[in-house]
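K.L.:
Quick one, coords29.cif (mmCIF, C-alpha atoms):
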```cif
data_protein
#
loop_
_atom_site.label_atom_id
_atom_site.label_comp_id
_atom_site.auth_asym_id
_atom_site.auth_seq_id
_atom_site.Cartn_x
_atom_site.Cartn_y
_atom_site.Cartn_z
CA MET A 1 118.67 119.89 135.78
CA SER A 2 120.11 118.38 132.68
CA PHE A 3 118.33 115.87 130.51
CA LYS A 4 120.30 113.07 129.04
CA PHE A 5 119.04 111.08 126.08
CA ILE A 6 119.46 107.43 126.64
CA ASN A 7 118.95 106.60 122.99
CA ASN A 8 120.22 108.08 119.78
CA THR A 9 117.09 110.12 118.95
CA PRO A 10 118.87 113.48 118.36
CA LYS A 11 121.37 111.82 116.03
CA PHE A 12 118.59 109.95 114.24
CA LEU A 13 116.59 113.18 113.70
CA LYS A 14 119.67 114.98 112.42
CA ASP A 15 120.45 112.12 110.03
CA LEU A 16 116.80 112.04 108.95
CA GLU A 17 116.86 115.75 108.11
CA SER A 18 120.13 115.51 106.22
CA GLY A 19 118.95 112.33 104.41
CA VAL A 20 115.67 113.92 103.29
CA THR A 21 117.51 117.08 102.21
CA LYS A 22 120.10 115.13 100.21
CA GLY A 23 117.43 112.89 98.66
CA LEU A 24 115.33 115.88 97.64
CA LEU A 25 118.29 117.66 96.04
CA ILE A 26 119.24 114.58 94.02
CA GLY A 27 115.54 113.99 93.27
CA SER A 28 115.04 117.53 91.95
CA GLU A 29 117.97 117.03 89.55
CA LEU A 30 116.32 113.85 88.28
CA LEU A 31 112.96 115.63 88.02
CA SER A 32 114.59 118.41 86.01
CA THR A 33 116.19 115.87 83.66
CA ASN A 34 112.86 114.11 83.16
CA ILE A 35 111.08 117.43 82.49
CA ASP A 36 113.82 118.29 79.94
CA GLY A 37 113.02 115.04 78.16
CA PHE A 38 109.40 116.12 77.58
CA THR A 39 110.13 119.79 76.81
CA PRO A 40 109.70 120.75 73.15
CA VAL A 41 112.97 121.99 71.61
CA ARG A 42 113.30 124.49 68.80
CA THR A 43 116.06 126.80 69.99
CA GLY A 44 116.62 125.00 73.30
CA PHE A 45 115.83 128.15 75.32
CA LEU A 46 112.70 126.73 76.98
CA GLN A 47 114.53 123.53 77.92
CA SER A 48 117.53 125.46 79.30
CA LYS A 49 115.20 127.32 81.66
CA ASN A 50 114.03 124.18 83.49
CA GLU A 51 116.02 124.83 86.63
CA PRO A 52 116.00 122.89 89.90
CA THR A 53 116.17 125.10 92.99
CA GLU A 54 119.48 124.47 94.69
CA LYS A 55 118.13 124.47 98.20
CA VAL A 56 115.54 122.65 100.24
CA THR A 57 112.87 124.68 102.02
CA GLN A 58 111.59 123.49 105.35
CA SER A 59 108.19 124.52 106.63
CA GLY A 60 107.17 122.84 109.84
CA GLY A 61 107.61 119.13 109.31
CA SER A 62 107.61 119.29 105.52
CA PHE A 63 110.55 119.66 103.20
CA SER A 64 110.29 120.81 99.62
CA THR A 65 112.31 121.60 96.56
CA ALA A 66 111.20 122.57 93.08
CA VAL A 67 111.98 122.79 89.40
CA THR A 68 111.00 126.11 87.84
CA ASN A 69 110.75 127.64 84.39
CA ASN A 70 110.29 131.40 84.20
CA THR A 71 109.82 131.82 80.46
CA GLU A 72 106.81 133.85 79.33
CA TYR A 73 105.55 131.12 76.99
CA GLY A 74 106.18 128.22 79.40
CA PRO A 75 102.55 128.05 80.64
CA GLU A 76 101.23 128.01 77.05
CA GLN A 77 103.50 125.07 76.22
CA GLU A 78 102.54 123.27 79.43
CA TYR A 79 98.77 123.82 79.22
CA GLY A 80 98.30 124.31 75.46
CA THR A 81 96.27 126.88 73.56
CA ILE A 82 93.19 126.81 71.36
CA HIS A 83 95.32 125.56 68.45
CA GLN A 84 97.93 123.52 70.25
CA PRO A 85 97.52 120.55 72.60
CA PRO A 86 99.22 120.75 76.00
CA LYS A 87 102.84 119.54 75.99
CA ALA A 88 102.53 118.92 79.77
CA MET A 89 106.30 118.56 80.23
CA PHE A 90 106.19 119.36 83.94
CA ARG A 91 103.31 117.00 84.63
CA LYS A 92 104.78 114.20 82.53
CA GLY A 93 108.18 114.73 84.13
CA GLY A 94 106.59 114.78 87.58
CA ASP A 95 104.64 111.58 87.01
CA LYS A 96 107.72 109.84 85.59
CA SER A 97 109.80 110.97 88.58
CA PHE A 98 107.28 110.11 91.28
CA GLU A 99 108.49 106.58 91.91
CA PRO A 100 112.29 106.98 91.36
CA VAL A 101 112.45 110.15 93.49
CA GLY A 102 110.69 108.28 96.29
CA LYS A 103 113.31 105.55 96.04
CA ILE A 104 116.16 108.10 96.07
CA ILE A 105 114.80 109.76 99.22
CA LYS A 106 114.29 106.36 100.87
CA ALA A 107 117.86 105.33 100.01
CA ASN A 108 119.19 108.45 101.74
CA LEU A 109 117.26 107.96 104.97
CA PRO A 110 119.15 106.70 108.04
CA LYS A 111 119.12 102.91 108.29
CA MET B 1 89.41 98.15 77.32
CA ILE B 2 86.79 100.86 76.92
CA ASP B 3 88.33 104.18 76.09
CA LEU B 4 88.45 106.62 78.99
CA TYR B 5 88.02 109.42 76.45
CA GLU B 6 84.71 107.94 75.39
CA ALA B 7 83.60 107.45 79.01
CA PHE B 8 84.27 111.13 79.82
CA TYR B 9 82.52 112.22 76.62
CA THR B 10 79.39 110.25 77.51
CA GLU B 11 79.41 111.39 81.14
CA ILE B 12 79.52 115.06 80.07
CA LYS B 13 76.93 114.56 77.32
CA ASN B 14 74.55 112.77 79.71
CA ASP B 15 74.40 115.70 82.12
CA PRO B 16 71.42 117.86 81.06
CA THR B 17 72.99 121.20 82.09
CA LEU B 18 76.33 120.54 80.38
CA ALA B 19 74.58 119.10 77.33
CA GLY B 20 72.47 122.26 77.11
CA LEU B 21 75.57 124.45 77.15
CA LEU B 22 77.60 122.36 74.73
CA LEU B 23 75.00 121.29 72.14
CA TYR B 24 74.83 123.50 69.05
CA ASN B 25 73.23 122.63 65.72
CA GLY B 26 73.04 118.97 66.71
CA VAL B 27 76.76 118.78 67.56
CA TYR B 28 78.23 118.52 71.04
CA TYR B 29 81.13 120.96 71.28
CA ILE B 30 83.33 118.48 73.12
CA PHE B 31 86.63 117.91 71.36
CA ASP B 32 89.84 115.94 71.63
CA GLN B 33 92.77 118.09 72.91
CA THR B 34 92.08 121.29 70.92
CA LEU B 35 89.33 123.01 68.96
CA PRO B 36 89.27 121.86 65.32
CA ASN B 37 89.88 124.70 62.85
CA ASP B 38 86.48 124.20 61.23
CA VAL B 39 84.63 125.34 64.40
CA LEU B 40 86.57 128.62 64.55
CA PRO B 41 85.50 131.33 64.96
CA LEU B 42 83.34 129.71 67.63
CA ALA B 43 79.65 129.93 66.67
CA THR B 44 78.42 129.01 70.14
CA ASP B 45 79.34 130.32 73.59
CA TYR B 46 80.83 127.18 75.15
CA ALA B 47 83.14 124.32 74.20
CA ILE B 48 85.29 121.77 75.95
CA ALA B 49 88.59 120.34 74.69
CA TYR B 50 90.05 117.56 76.79
CA GLY B 51 92.64 114.84 76.70
CA GLN B 52 95.09 112.72 78.64
CA VAL B 53 98.28 114.67 79.34
CA SER B 54 100.17 112.28 81.58
CA ILE B 55 100.02 109.04 83.54
CA LYS B 56 101.41 108.16 86.96
CA LYS B 57 102.52 104.56 87.44
CA ILE B 58 103.14 102.96 90.81
CA SER B 59 104.70 99.61 89.96
CA TYR B 60 104.69 98.06 93.42
CA LEU B 61 100.92 98.60 93.67
CA ASP B 62 100.35 97.76 89.99
CA VAL B 63 98.41 101.00 89.67
CA GLU B 64 98.18 103.48 86.81
CA MET B 65 96.54 106.85 87.29
CA PRO B 66 95.96 108.86 84.10
CA LEU B 67 95.85 112.66 84.31
CA PHE B 68 93.31 114.42 82.11
CA GLN B 69 93.21 118.13 81.34
CA PHE B 70 89.87 119.73 80.51
CA ASN B 71 89.95 123.11 78.79
CA CYS B 72 86.66 124.91 79.31
CA ILE B 73 86.49 127.41 76.46
CA ALA B 74 84.13 130.36 76.14
CA LYS B 75 83.88 133.83 74.68
CA THR B 76 84.27 135.51 78.08
CA GLY B 77 86.32 134.61 81.14
CA LYS B 78 83.17 134.50 83.29
CA LYS B 79 81.48 131.98 81.00
CA ALA B 80 84.63 129.84 80.87
CA ARG B 81 84.71 129.73 84.68
CA GLU B 82 80.98 128.97 84.83
CA LEU B 83 81.47 126.05 82.45
CA LYS B 84 84.32 124.79 84.62
CA GLU B 85 82.09 124.94 87.70
CA GLU B 86 79.43 122.88 85.91
CA LEU B 87 82.08 120.35 84.90
CA LYS B 88 83.29 120.19 88.51
CA ARG B 89 79.75 119.55 89.68
CA VAL B 90 79.63 116.47 87.44
CA LEU B 91 83.17 115.10 87.81
CA GLU B 92 84.43 116.16 91.25
CA ARG B 93 85.06 113.12 93.48
CA PHE B 94 83.30 110.91 90.94
CA LYS B 95 83.13 107.24 91.85
CA GLY B 96 81.47 104.43 89.95
CA SER B 97 80.66 103.88 86.32
CA LEU B 98 81.93 106.80 84.24
CA GLY B 99 79.55 107.42 81.34
CA ASN B 100 77.94 104.08 82.25
CA LYS B 101 80.93 102.55 80.46
CA MET B 102 83.92 102.33 82.75
CA ASP B 103 84.28 101.66 86.48
CA VAL B 104 86.61 104.12 88.16
CA LYS B 105 87.73 104.19 91.76
CA PHE B 106 87.87 107.97 91.87
CA VAL B 107 88.19 111.12 89.79
CA ASN B 108 89.83 113.96 91.70
CA SER B 109 90.67 117.48 90.57
CA LEU B 110 94.18 118.90 90.95
CA ASN B 111 95.27 122.24 89.52
CA GLU B 112 93.17 124.91 87.86
CA ILE B 113 94.47 127.69 85.64
CA ASP B 114 92.87 130.46 83.56
CA LEU B 115 94.65 131.31 80.30
CA PRO B 116 93.20 133.83 77.82
CA ASP B 117 94.02 132.84 74.23
CA LYS B 118 95.74 135.72 72.43
CA ASP B 119 95.04 134.58 68.85
CA THR B 120 91.33 133.79 69.05
CA LYS B 121 90.38 136.14 71.94
CA LEU B 122 88.71 133.15 73.58
CA TYR B 123 89.10 132.34 77.26
CA ILE B 124 90.32 128.99 78.55
CA SER B 125 89.69 127.85 82.08
CA SER B 126 91.58 124.59 82.62
CA ILE B 127 91.20 121.93 85.25
CA GLU B 128 93.09 118.67 85.72
CA TYR B 129 91.51 115.42 86.82
CA ARG B 130 93.46 112.45 88.12
CA VAL B 131 91.69 109.15 87.47
CA LYS B 132 92.30 106.02 89.46
CA LEU B 133 91.09 102.92 87.70
CA PHE B 134 90.12 99.62 89.17
CA GLY B 135 92.65 96.86 88.59
CA ASN B 136 90.80 95.14 85.78
CA ASN B 137 90.74 98.33 83.73
CA VAL B 138 94.48 99.04 84.04
#
```
As structure tokens - that is how I would like this structure written.
P.N.:
Amino acid sequence: MSFKFINNTPKFLKDLESGVTKGLLIGSELLSTNIDGFTPVRTGFLQSKNEPTEKVTQSGGSFSTAVTNNTEYGPEQEYGTIHQPPKAMFRKGGDKSFEPVGKIIKANLPK
Amino acid sequence: MIDLYEAFYTEIKNDPTLAGLLLYNGVYYIFDQTLPNDVLPLATDYAIAYGQVSIKKISYLDVEMPLFQFNCIAKTGKKARELKEELKRVLERFKGSLGNKMDVKFVNSLNEIDLPDKDTKLYISSIEYRVKLFGNNV
């Protein structure tokens, strides 16, 4: 027996997935730019290592993407030391991006 | 507007257990952002350095939620974690008048990280707290 959809649910779900994926990819670029803006620059190496992942990971019903920095001294810059206050570039960048990234994802959802 | 820094300071100082750990020679070892150079090397076992690191703004709700980082500092990793647990006991899911000075809707913890400090051989156990203020305090 075949089942025929009488509405456009499969198309809607496909568009939803592609919209969320596209929104997250654009959003992670914006997040990376905002993190760059708060990253301390001496040689520019730390800033150059703020890299958005170029793919979206799906786990169950949740989609995620990330911006990473794999430098050895990144955590010390982010969280500070005994002598140096935290620069908090990831957290500042994240907070600044929270609202615009939400808008980007919303704009890419099927109407 | 009453300073959130001051409200946290008073809340910590008013807790007998935390005050007992952080009071040394009549001075509470609770500092802004980092340890001042004049308290190093650390004469006592425990200290806290804290400060606002970020703020989340949600314009359509007219809400601002500051993010505070508390560095619990001690001479051993175990003591730093113990101090963090005491701080969590006082601040976790806090609602009401912080330090009897400022009404807050909630104080919730986010990330925790342990970072040994290479230069001073002290241990830092950090925890973040997101604060949501009532409208009239924003």
K.L.:
Do you know which residues the PyMOL selection byres ((chain B and resi 19-32) around 8) returns on this file, as a CSV table (one decimal) with C-alpha atoms, in the coordinates of the input?
P.N.:
```csv
chain,number,residue,atom,x,y,z
B,9,TYR,CA,82.5,112.2,76.6
B,12,ILE,CA,79.5,115.1,80.1
B,13,LYS,CA,76.9,114.6,77.3
B,14,ASN,CA,74.6,112.8,79.7
B,15,ASP,CA,74.4,115.7,82.1
B,16,PRO,CA,71.4,117.9,81.1
B,17,THR,CA,73.0,121.2,82.1
B,18,LEU,CA,76.3,120.5,80.4
B,33,GLN,CA,92.8,118.1,72.9
B,34,THR,CA,92.1,121.3,70.9
B,35,LEU,CA,89.3,123.0,69.0
B,36,PRO,CA,89.3,121.9,65.3
B,44,THR,CA,78.4,129.0,70.1
B,45,ASP,CA,79.3,130.3,73.6
B,46,TYR,CA,80.8,127.2,75.2
B,47,ALA,CA,83.1,124.3,74.2
B,48,ILE,CA,85.3,121.8,76.0
B,49,ALA,CA,88.6,120.3,74.7
B,50,TYR,CA,90.0,117.6,76.8
B,51,GLY,CA,92.6,114.8,76.7
```
K.L.:
Would you write out, as a PyMOL selection string, every residue that the PyMOL selection byres ((chain A and resi 98-103) around 9) captures in this file?
P.N.:
(chain A and resi 23-24+26-28+30-31+93-97+104-108) or (chain B and resi 56-59)
K.L.:
For chain A, which of B:Leu91, B:Leu42, B:Ala7, B:Val107 is the closest residue, counting only C-alpha atoms?
P.N.:
B:Leu42
K.L.:
With all atoms listed in the file as the atoms that count, which of B:Glu128, B:Asp119, B:Glu6, B:Glu85 lies nearest to Leu40 (chain B)?
P.N.:
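Smallest distance to Leu40 (chain B) is found for B:Asp119.
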K.L.:
Between CA of Lys105 (chain B) and CA of Glu64 (chain B), what is the distance, to one decimal in Å?
P.N.:
11.6 Å
K.L.:
Got a sec to pull out which chain A residues are within 6 Å of chain B, counting only C-alpha atoms, and send them as a count of residues only?
P.N.:
5
K.L.:
Env of Phe63 (chain A): 8 Å cut, atoms = all atoms listed in the file, seq-sep filter 4 positions within chain, self excluded. Answer as JSON, numbers by chain.
P.N.:
{"A": [20, 21, 56, 57, 58, 59]}
K.L.:
So what does the PyMOL selection byres ((chain A and resi 66-69) around 9) actually pick up in this one, as a PyMOL selection string?
P.N.:
chain A and resi 28-29+31-32+35+46-56+64-65+70-72+74+90
K.L.:
Report, in Å with one decimal, the straight-line distance from CA of Phe94 (chain B) to CA of Phe106 (chain B).
P.N.:
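Here the two named atoms are 5.5 Å from each other.
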K.L.:
Taking 5 positions as the minimum chain separation for residues in the same chain, which residues sit within 10 Å of Lys101 (chain B) when counting all atoms listed in the file? Answer as a list in words.
P.N.:
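Neighbouring residues, sequence-local ones excluded: Ile2, Asp3, Leu4, Glu6, Ala7, Phe8, Thr10, Glu11 and Gly96 of chain B.
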K.L.:
What is the CA of Arg91 (chain A) to CA of Asn108 (chain B) distance in Å?
P.N.:
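Separation of CA of Arg91 (chain A) and CA of Asn108 (chain B): 15.5 Å.
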K.L.:
Listed atoms of region 24-39 of chain B, axis-aligned box, 4 Å per side: centre and edge lengths to one decimal in Å, as AutoDock Vina command-line options?
P.N.:
```
--center_x 82.9 --center_y 120.6 --center_z 67.2 --size_x 27.7 --size_y 17.4 --size_z 19.9
```
